[in-house]
file run.pdb (PDB, C-alpha atoms and all ligand atoms)
ATOM      1  CA  MET A   1      57.307   4.712 -44.180  1.00  0.00           C
ATOM      2  CA  ALA A   2      60.508   6.550 -44.969  1.00  0.00           C
ATOM      3  CA  THR A   3      63.216   4.932 -47.031  1.00  0.00           C
ATOM      4  CA  THR A   4      66.495   4.230 -45.296  1.00  0.00           C
ATOM      5  CA  ASP A   5      68.070   7.169 -47.137  1.00  0.00           C
ATOM      6  CA  GLU A   6      65.248   9.471 -46.041  1.00  0.00           C
ATOM      7  CA  LEU A   7      65.540   8.397 -42.412  1.00  0.00           C
ATOM      8  CA  VAL A   8      69.315   8.941 -42.463  1.00  0.00           C
ATOM      9  CA  THR A   9      68.790  12.375 -44.049  1.00  0.00           C
ATOM     10  CA  MET A  10      66.416  13.308 -41.218  1.00  0.00           C
ATOM     11  CA  ALA A  11      69.036  12.208 -38.666  1.00  0.00           C
ATOM     12  CA  ARG A  12      71.700  14.235 -40.478  1.00  0.00           C
ATOM     13  CA  ASP A  13      69.440  17.297 -40.577  1.00  0.00           C
ATOM     14  CA  ALA A  14      68.788  16.913 -36.858  1.00  0.00           C
ATOM     15  CA  ALA A  15      72.534  16.829 -36.195  1.00  0.00           C
ATOM     16  CA  HIS A  16      72.730  20.402 -37.492  1.00  0.00           C
ATOM     17  CA  ARG A  17      70.514  21.433 -34.575  1.00  0.00           C
ATOM     18  CA  ALA A  18      72.822  19.863 -31.963  1.00  0.00           C
ATOM     19  CA  HIS A  19      74.200  21.953 -29.131  1.00  0.00           C
ATOM     20  CA  ALA A  20      77.730  20.571 -28.877  1.00  0.00           C
ATOM     21  CA  PRO A  21      80.149  23.431 -28.143  1.00  0.00           C
ATOM     22  CA  TYR A  22      82.361  21.279 -25.903  1.00  0.00           C
ATOM     23  CA  SER A  23      82.892  18.047 -27.837  1.00  0.00           C
ATOM     24  CA  GLN A  24      82.416  19.580 -31.310  1.00  0.00           C
ATOM     25  CA  PHE A  25      80.812  16.223 -32.172  1.00  0.00           C
ATOM     26  CA  ARG A  26      77.308  16.646 -33.559  1.00  0.00           C
ATOM     27  CA  VAL A  27      74.889  13.755 -33.639  1.00  0.00           C
ATOM     28  CA  GLY A  28      71.321  13.572 -34.877  1.00  0.00           C
ATOM     29  CA  CYS A  29      68.739  10.850 -34.493  1.00  0.00           C
ATOM     30  CA  ALA A  30      65.483  10.086 -36.289  1.00  0.00           C
ATOM     31  CA  VAL A  31      63.057   7.609 -34.744  1.00  0.00           C
ATOM     32  CA  GLU A  32      60.324   6.128 -36.931  1.00  0.00           C
ATOM     33  CA  SER A  33      57.161   4.533 -35.590  1.00  0.00           C
ATOM     34  CA  VAL A  34      55.535   1.396 -36.973  1.00  0.00           C
ATOM     35  CA  ASP A  35      53.106   3.620 -38.899  1.00  0.00           C
ATOM     36  CA  GLY A  36      55.692   6.032 -40.298  1.00  0.00           C
ATOM     37  CA  ARG A  37      55.608   8.879 -37.808  1.00  0.00           C
ATOM     38  CA  ILE A  38      58.951  10.544 -37.088  1.00  0.00           C
ATOM     39  CA  ALA A  39      60.583  12.050 -34.004  1.00  0.00           C
ATOM     40  CA  THR A  40      64.020  13.649 -34.166  1.00  0.00           C
ATOM     41  CA  GLY A  41      66.598  14.862 -31.689  1.00  0.00           C
ATOM     42  CA  ALA A  42      70.207  15.906 -31.396  1.00  0.00           C
ATOM     43  CA  ASN A  43      72.858  15.868 -28.723  1.00  0.00           C
ATOM     44  CA  MET A  44      72.507  18.629 -26.173  1.00  0.00           C
ATOM     45  CA  GLU A  45      75.600  19.448 -24.153  1.00  0.00           C
ATOM     46  CA  ASN A  46      75.898  21.591 -21.041  1.00  0.00           C
ATOM     47  CA  ALA A  47      78.686  23.565 -19.370  1.00  0.00           C
ATOM     48  CA  CYS A  48      78.247  21.051 -16.543  1.00  0.00           C
ATOM     49  CA  TYR A  49      79.529  18.259 -18.782  1.00  0.00           C
ATOM     50  CA  ARG A  50      77.779  15.354 -17.075  1.00  0.00           C
ATOM     51  CA  LEU A  51      74.377  16.858 -17.858  1.00  0.00           C
ATOM     52  CA  GLY A  52      74.809  16.362 -21.591  1.00  0.00           C
ATOM     53  CA  LEU A  53      72.143  14.406 -23.426  1.00  0.00           C
ATOM     54  CA  CYS A  54      72.709  12.119 -26.407  1.00  0.00           C
ATOM     55  CA  ALA A  55      70.801  12.517 -29.675  1.00  0.00           C
ATOM     56  CA  GLU A  56      69.107   9.142 -29.311  1.00  0.00           C
ATOM     57  CA  GLN A  57      67.707   9.887 -25.858  1.00  0.00           C
ATOM     58  CA  SER A  58      66.630  13.327 -27.044  1.00  0.00           C
ATOM     59  CA  ALA A  59      64.764  11.769 -29.980  1.00  0.00           C
ATOM     60  CA  LEU A  60      63.283   8.984 -27.846  1.00  0.00           C
ATOM     61  CA  THR A  61      61.883  11.585 -25.458  1.00  0.00           C
ATOM     62  CA  THR A  62      60.137  13.261 -28.379  1.00  0.00           C
ATOM     63  CA  ALA A  63      59.014   9.869 -29.705  1.00  0.00           C
ATOM     64  CA  GLN A  64      57.350   9.104 -26.382  1.00  0.00           C
ATOM     65  CA  HIS A  65      55.393  12.348 -26.649  1.00  0.00           C
ATOM     66  CA  VAL A  66      54.535  12.044 -30.346  1.00  0.00           C
ATOM     67  CA  PHE A  67      53.590   8.369 -30.682  1.00  0.00           C
ATOM     68  CA  GLY A  68      54.789   6.400 -27.637  1.00  0.00           C
ATOM     69  CA  LEU A  69      57.887   4.286 -27.096  1.00  0.00           C
ATOM     70  CA  ALA A  70      55.996   1.053 -27.757  1.00  0.00           C
ATOM     71  CA  GLN A  71      55.484   2.165 -31.377  1.00  0.00           C
ATOM     72  CA  VAL A  72      59.190   2.593 -32.201  1.00  0.00           C
ATOM     73  CA  ALA A  73      60.232   0.548 -35.244  1.00  0.00           C
ATOM     74  CA  ARG A  74      63.483   2.059 -36.545  1.00  0.00           C
ATOM     75  CA  VAL A  75      66.182   4.400 -35.281  1.00  0.00           C
ATOM     76  CA  ALA A  76      68.682   6.205 -37.496  1.00  0.00           C
ATOM     77  CA  VAL A  77      71.722   7.870 -35.983  1.00  0.00           C
ATOM     78  CA  ALA A  78      74.199  10.013 -37.901  1.00  0.00           C
ATOM     79  CA  GLY A  79      76.848  12.602 -37.279  1.00  0.00           C
ATOM     80  CA  GLY A  80      80.503  13.333 -36.789  1.00  0.00           C
ATOM     81  CA  PRO A  81      83.036  15.981 -35.827  1.00  0.00           C
ATOM     82  CA  TRP A  82      82.211  19.645 -36.521  1.00  0.00           C
ATOM     83  CA  ARG A  83      85.064  21.143 -38.535  1.00  0.00           C
ATOM     84  CA  ASP A  84      85.264  24.397 -40.491  1.00  0.00           C
ATOM     85  CA  GLY A  85      81.507  24.963 -40.391  1.00  0.00           C
ATOM     86  CA  ALA A  86      80.396  21.479 -41.359  1.00  0.00           C
ATOM     87  CA  ILE A  87      79.745  18.093 -39.835  1.00  0.00           C
ATOM     88  CA  THR A  88      82.390  15.787 -41.245  1.00  0.00           C
ATOM     89  CA  GLY A  89      83.170  12.108 -41.456  1.00  0.00           C
ATOM     90  CA  ILE A  90      81.876   9.214 -43.487  1.00  0.00           C
ATOM     91  CA  ASP A  91      82.365   6.524 -40.849  1.00  0.00           C
ATOM     92  CA  ALA A  92      79.125   5.244 -39.343  1.00  0.00           C
ATOM     93  CA  ILE A  93      78.613   6.154 -35.710  1.00  0.00           C
ATOM     94  CA  THR A  94      76.803   3.810 -33.361  1.00  0.00           C
ATOM     95  CA  PRO A  95      74.724   4.481 -30.240  1.00  0.00           C
ATOM     96  CA  CYS A  96      76.683   4.600 -26.972  1.00  0.00           C
ATOM     97  CA  GLY A  97      76.003   1.991 -24.311  1.00  0.00           C
ATOM     98  CA  GLY A  98      73.543   4.220 -22.481  1.00  0.00           C
ATOM     99  CA  CYS A  99      71.537   4.858 -25.613  1.00  0.00           C
ATOM    100  CA  ARG A 100      71.463   1.175 -26.441  1.00  0.00           C
ATOM    101  CA  GLN A 101      69.834   0.686 -23.048  1.00  0.00           C
ATOM    102  CA  ALA A 102      67.344   3.481 -23.795  1.00  0.00           C
ATOM    103  CA  ILE A 103      66.468   1.974 -27.191  1.00  0.00           C
ATOM    104  CA  PHE A 104      66.081  -1.432 -25.565  1.00  0.00           C
ATOM    105  CA  GLU A 105      63.461   0.043 -23.246  1.00  0.00           C
ATOM    106  CA  ALA A 106      61.319   0.782 -26.315  1.00  0.00           C
ATOM    107  CA  ALA A 107      61.935  -2.703 -27.724  1.00  0.00           C
ATOM    108  CA  ALA A 108      60.973  -4.341 -24.452  1.00  0.00           C
ATOM    109  CA  LEU A 109      57.742  -2.356 -24.247  1.00  0.00           C
ATOM    110  CA  SER A 110      56.630  -3.481 -27.697  1.00  0.00           C
ATOM    111  CA  GLY A 111      58.125  -6.956 -27.682  1.00  0.00           C
ATOM    112  CA  ARG A 112      59.652  -6.324 -31.112  1.00  0.00           C
ATOM    113  CA  ASP A 113      63.258  -5.853 -32.156  1.00  0.00           C
ATOM    114  CA  ILE A 114      64.210  -2.358 -33.370  1.00  0.00           C
ATOM    115  CA  GLU A 115      66.256  -1.742 -36.507  1.00  0.00           C
ATOM    116  CA  ILE A 116      69.142   0.664 -36.021  1.00  0.00           C
ATOM    117  CA  ILE A 117      70.705   2.456 -38.983  1.00  0.00           C
ATOM    118  CA  CYS A 118      74.131   3.921 -38.273  1.00  0.00           C
ATOM    119  CA  ALA A 119      75.635   6.524 -40.604  1.00  0.00           C
ATOM    120  CA  GLY A 120      78.353   9.124 -40.791  1.00  0.00           C
ATOM    121  CA  ALA A 121      77.855  12.762 -41.640  1.00  0.00           C
ATOM    122  CA  SER A 122      77.876  11.965 -45.342  1.00  0.00           C
ATOM    123  CA  GLY A 123      78.255   9.034 -47.669  1.00  0.00           C
ATOM    124  CA  ASP A 124      76.134   5.918 -47.933  1.00  0.00           C
ATOM    125  CA  ALA A 125      78.227   3.467 -45.930  1.00  0.00           C
ATOM    126  CA  TYR A 126      75.422   2.665 -43.504  1.00  0.00           C
ATOM    127  CA  GLU A 127      75.619  -0.067 -40.954  1.00  0.00           C
ATOM    128  CA  ILE A 128      72.195  -1.593 -40.395  1.00  0.00           C
ATOM    129  CA  THR A 129      71.754  -3.655 -37.274  1.00  0.00           C
ATOM    130  CA  THR A 130      69.256  -4.275 -34.481  1.00  0.00           C
ATOM    131  CA  ILE A 131      69.066  -3.451 -30.810  1.00  0.00           C
ATOM    132  CA  SER A 132      69.216  -7.162 -29.968  1.00  0.00           C
ATOM    133  CA  ALA A 133      72.550  -7.387 -31.808  1.00  0.00           C
ATOM    134  CA  LEU A 134      73.939  -4.208 -30.229  1.00  0.00           C
ATOM    135  CA  LEU A 135      72.806  -5.049 -26.696  1.00  0.00           C
ATOM    136  CA  PRO A 136      72.651  -8.812 -26.104  1.00  0.00           C
ATOM    137  CA  ALA A 137      71.482 -10.104 -22.730  1.00  0.00           C
ATOM    138  CA  ALA A 138      69.994  -6.710 -21.955  1.00  0.00           C
ATOM    139  CA  PHE A 139      68.618  -5.667 -18.598  1.00  0.00           C
ATOM    140  CA  GLY A 140      65.042  -4.502 -19.063  1.00  0.00           C
ATOM    141  CA  PRO A 141      61.604  -3.909 -17.614  1.00  0.00           C
ATOM    142  CA  ALA A 142      61.039  -7.647 -17.105  1.00  0.00           C
ATOM    143  CA  ALA A 143      63.593  -7.542 -14.275  1.00  0.00           C
ATOM    144  CA  HIS A 144      61.120  -5.469 -12.264  1.00  0.00           C
ATOM    145  CA  GLY A 145      58.555  -8.275 -12.401  1.00  0.00           C
TER     146      GLY A 145
HETATM  147 ZN    ZN A 201      74.338   7.905 -26.203  1.00  0.00          ZN
END

call {"tool": "encode", "arguments": {"input": "run.pdb", "output": "structure tokens"}}
result
Amino acid sequence: MATTDELVTMARDAAHRAHAPYSQFRVGCAVESVDGRIATGANMENACYRLGLCAEQSALTTAQHVFGLAQVARVAVAGGPWRDGAITGIDAITPCGGCRQAIFEAAALSGRDIEIICAGASGDAYEITTISALLPAAFGPAAHG
């Protein structure tokens, strides 16, 4: 298993591979499985703005292919504004509402809560929380019977 610092570093590295020419806001995500496997992703924007994809959903797609959503244990997200050739900002960023729903899908499949580590582009002011705290009373697969 990666340490929290290592998982955040992987998310920060992934942010450097974002395609974010419109927002100039680069986000990376590292998803760790229960047995320590890692899947990463970054935000992927498009000239047709509404087609943009968040880092978390990009990483979760890879996670499904690498080890399966039901094996997701932890998610680290990190990033910030791109300025003068670097990703900047020390304030922790958190998953958007849509990504919280996507992370919840993995939690619902496994029946376990998922730890979420939120970080900025640099610094060690992480916010560590869970999907159940970020998305209470979530709508999930159980609604489909
Ligand atoms: Zn999102």

call {"tool": "residues_around", "arguments": {"input": "run.pdb", "residues": "Asn46 in chain A", "least_positions_apart": "4", "cutoff": "9 Å", "atoms": "only C-alpha atoms", "output": "PyMOL selection string"}}
result
chain A and resi 19-22+50-53

call {"tool": "write_last_selection", "arguments": {"input": "run.pdb", "atoms": "C-alpha atoms", "output": "mmCIF file, keeping the file's coordinate frame"}}
result
data_model
loop_
_atom_site.group_PDB
_atom_site.id
_atom_site.type_symbol
_atom_site.label_atom_id
_atom_site.label_comp_id
_atom_site.auth_asym_id
_atom_site.auth_seq_id
_atom_site.Cartn_x
_atom_site.Cartn_y
_atom_site.Cartn_z
ATOM 1 C CA HIS A 19 74.200 21.953 -29.131
ATOM 2 C CA ALA A 20 77.730 20.571 -28.877
ATOM 3 C CA PRO A 21 80.149 23.431 -28.143
ATOM 4 C CA TYR A 22 82.361 21.279 -25.903
ATOM 5 C CA ARG A 50 77.779 15.354 -17.075
ATOM 6 C CA LEU A 51 74.377 16.858 -17.858
ATOM 7 C CA GLY A 52 74.809 16.362 -21.591
ATOM 8 C CA LEU A 53 72.143 14.406 -23.426
#

call {"tool": "closest_residue", "arguments": {"input": "run.pdb", "among": "A:Gly41, A:Gly97, A:Gly36, A:Pro81", "to": "ligand ZN 201 (chain A)", "atoms": "all atoms listed in the file"}}
result
A:Gly97

call {"tool": "resolve_selection", "arguments": {"input": "run.pdb", "expression": "the PyMOL selection byres (((not hetatm)) within 7 of (chain A and resi 201))", "output": "number ranges by chain"}}
result
A: 54-57, 95-99

call {"tool": "residues_around", "arguments": {"input": "run.pdb", "residues": "range 117-127 of chain A", "least_positions_apart": "3", "cutoff": "10 Å", "atoms": "all atoms listed in the file", "output": "JSON, numbers by chain"}}
result
{"A": [4, 5, 7, 8, 9, 11, 12, 13, 15, 26, 27, 28, 29, 30, 74, 75, 76, 77, 78, 79, 80, 81, 82, 86, 87, 88, 89, 90, 91, 92, 93, 94, 95, 114, 130]}

call {"tool": "residues_around", "arguments": {"input": "run.pdb", "residues": "Ala18 in chain A", "least_positions_apart": "5", "cutoff": "6 Å", "atoms": "all atoms listed in the file", "output": "ChimeraX atom specification"}}
result
/A:26,42-44

call {"tool": "atom_distance", "arguments": {"input": "run.pdb", "atom1": "CA of Ala106 in chain A", "atom2": "CA of Thr129 in chain A"}}
result
15.8 Å
